[in-house]
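Let me begin by presenting the structure, written as structure tokens, before commenting on it.
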Amino acid sequence: MTAATMTYEDTVNLLVEWQADGADQDLVIYSYDDPHRARIRLLEISDDYFAHSGAETWSVTYGPSPEVPFVSTIALITHEQWRHLRDGRPKLPEGWSEATPRKVWPNGHKG
């Protein structure tokens, strides 16, 4: 499958597979699906990540590439931060709050 033929869901699955490969067993990944299917947004939760005290989640955004045809953003938080997310600390990246999180790792992955 080439990037030109990959669907939004194919790309979510590919990114989840890449992110989960070799990760610790406490890793949980949620997709905050873009209703326009233009951006992939993954929230990774692991106690291996640095628990920063800032109000925003730490995230990185990648542009489309030959392997990944969508803009994708990956945010990283700890399990403790996940428990407090619904209280608004830390805050999700802009635009994520309108989406319902969908668990894609483990047990939600279709790879």
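Chain labels run A, B, ... following the order of the structure tokens; each chain numbers its residues from 1, and ligands are numbered from 1 in the order shown.
Within chain A, DSSP run on the backbone puts these residues in helix (DSSP H, G or I): Ala3, Ala4, Thr5, Tyr8, Glu9, Asp10, Thr11, Val12, Asn13, Leu14, Leu15, Val16, Glu17, Trp18, Gln19, Ala20, His79, Glu80, Gln81, Trp82, Arg83, His84, Leu85, Arg86 and Asp87 of chain A.
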What would the file look like if the residues just selected were written as an mmCIF file, in the first residue's frame with C-alpha atoms?
```
data_model
loop_
_atom_site.group_PDB
_atom_site.id
_atom_site.type_symbol
_atom_site.label_atom_id
_atom_site.label_comp_id
_atom_site.auth_asym_id
_atom_site.auth_seq_id
_atom_site.Cartn_x
_atom_site.Cartn_y
_atom_site.Cartn_z
ATOM 1 C CA ALA A 3 0.609 6.749 0.770
ATOM 2 C CA ALA A 4 -1.501 7.713 -2.244
ATOM 3 C CA THR A 5 -3.888 4.800 -1.626
ATOM 4 C CA TYR A 8 -7.482 7.934 7.036
ATOM 5 C CA GLU A 9 -8.070 4.745 9.053
ATOM 6 C CA ASP A 10 -5.187 2.911 7.323
ATOM 7 C CA THR A 11 -2.905 5.759 8.325
ATOM 8 C CA VAL A 12 -4.128 5.817 11.932
ATOM 9 C CA ASN A 13 -3.398 2.086 12.136
ATOM 10 C CA LEU A 14 0.059 2.524 10.618
ATOM 11 C CA LEU A 15 1.001 5.307 13.031
ATOM 12 C CA VAL A 16 -0.312 3.332 16.003
ATOM 13 C CA GLU A 17 1.745 0.340 14.894
ATOM 14 C CA TRP A 18 4.884 2.497 14.594
ATOM 15 C CA GLN A 19 4.311 4.186 17.964
ATOM 16 C CA ALA A 20 3.547 0.933 19.814
ATOM 17 C CA HIS A 79 -1.326 8.098 33.272
ATOM 18 C CA GLU A 80 -1.671 10.594 36.145
ATOM 19 C CA GLN A 81 -2.175 13.433 33.647
ATOM 20 C CA TRP A 82 -4.760 11.292 31.812
ATOM 21 C CA ARG A 83 -6.747 10.935 35.051
ATOM 22 C CA HIS A 84 -6.814 14.738 35.377
ATOM 23 C CA LEU A 85 -7.451 15.544 31.715
ATOM 24 C CA ARG A 86 -11.227 15.871 32.164
ATOM 25 C CA ASP A 87 -10.517 18.560 34.800
#
```
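Every residue of segment 12-63 of chain A with a DSSP assignment of strand (DSSP E), taken from the backbone, is listed as Val28, Ile29, Tyr30, Ser31, Arg39, Ile40, Arg41, Leu42, Leu43, Glu44, Ile45, Trp58, Ser59, Val60, Thr61 and Tyr62 of chain A.
Near Val60 of chain A, within 8 Å and counting only C-alpha atoms, sit A:Thr73, A:Ile74, A:Ala75; same-chain residues fewer than 6 positions away were not included.
Here atom CA of Val71 of chain A stands at a distance of 13.1 Å from atom CA of Met6 of chain A.
Take atom CA of Gly95 of chain A and atom CA of Ser72 of chain A: the distance between them is 13.0 Å.
For the residues A:Leu27, A:Ser46, A:Pro93, A:His36, ranking by smallest atom-to-atom distance to Ser59 of chain A using only C-alpha atoms places A:Pro93 first.
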>> Excluding Asp48 of chain A and its own-chain neighbours fewer than 4 positions away, which residues fall within 9 Å of it when counting only C-alpha atoms? Please give them as a PyMOL selection string.
In response: chain A and resi 24+26-27+78
Same residues, C-alpha atoms, output as a compact mmCIF listing (two decimals), in the first residue's frame:
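Contents of the output file result.txt:
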```txt
# COMPACT_ATOMS: atom_id res chain seq x y z
CA ASP A 24 6.42 -0.40 27.33
CA ASP A 26 1.70 0.53 29.99
CA LEU A 27 1.29 2.37 26.67
CA THR A 78 1.41 10.26 31.79
```
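As for atom CA of Ser31 of chain A and atom CA of Arg102 of chain A, they are spaced 5.1 Å apart.
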Write out as a CSV table (one decimal) with C-alpha atoms, in the first residue's frame the residues lying within 12 Å of Trp96 of chain A, counting only C-alpha atoms and excluding same-chain residues fewer than 3 positions away.
```
chain,number,residue,atom,x,y,z
A,30,TYR,CA,-6.3,7.2,21.8
A,31,SER,CA,-7.2,8.7,18.5
A,32,TYR,CA,-9.1,12.0,18.6
A,33,ASP,CA,-10.5,11.6,15.1
A,34,ASP,CA,-10.8,14.7,13.0
A,35,PRO,CA,-14.4,15.0,11.7
A,39,ARG,CA,-5.5,15.5,10.5
A,40,ILE,CA,-4.6,12.5,12.5
A,41,ARG,CA,-4.4,13.2,16.3
A,42,LEU,CA,-3.0,10.6,18.6
A,43,LEU,CA,-2.7,10.9,22.4
A,57,THR,CA,0.0,18.8,26.6
A,59,SER,CA,2.8,17.5,21.3
A,73,THR,CA,0.0,15.3,15.7
A,74,ILE,CA,1.1,13.1,18.6
A,75,ALA,CA,0.6,14.3,22.1
A,91,LYS,CA,-5.2,20.9,28.1
A,92,LEU,CA,-5.5,19.0,24.9
A,93,PRO,CA,-3.9,20.6,21.8
A,99,ALA,CA,-13.6,14.9,19.3
A,100,THR,CA,-14.4,11.9,21.4
A,101,PRO,CA,-11.3,9.8,22.2
```
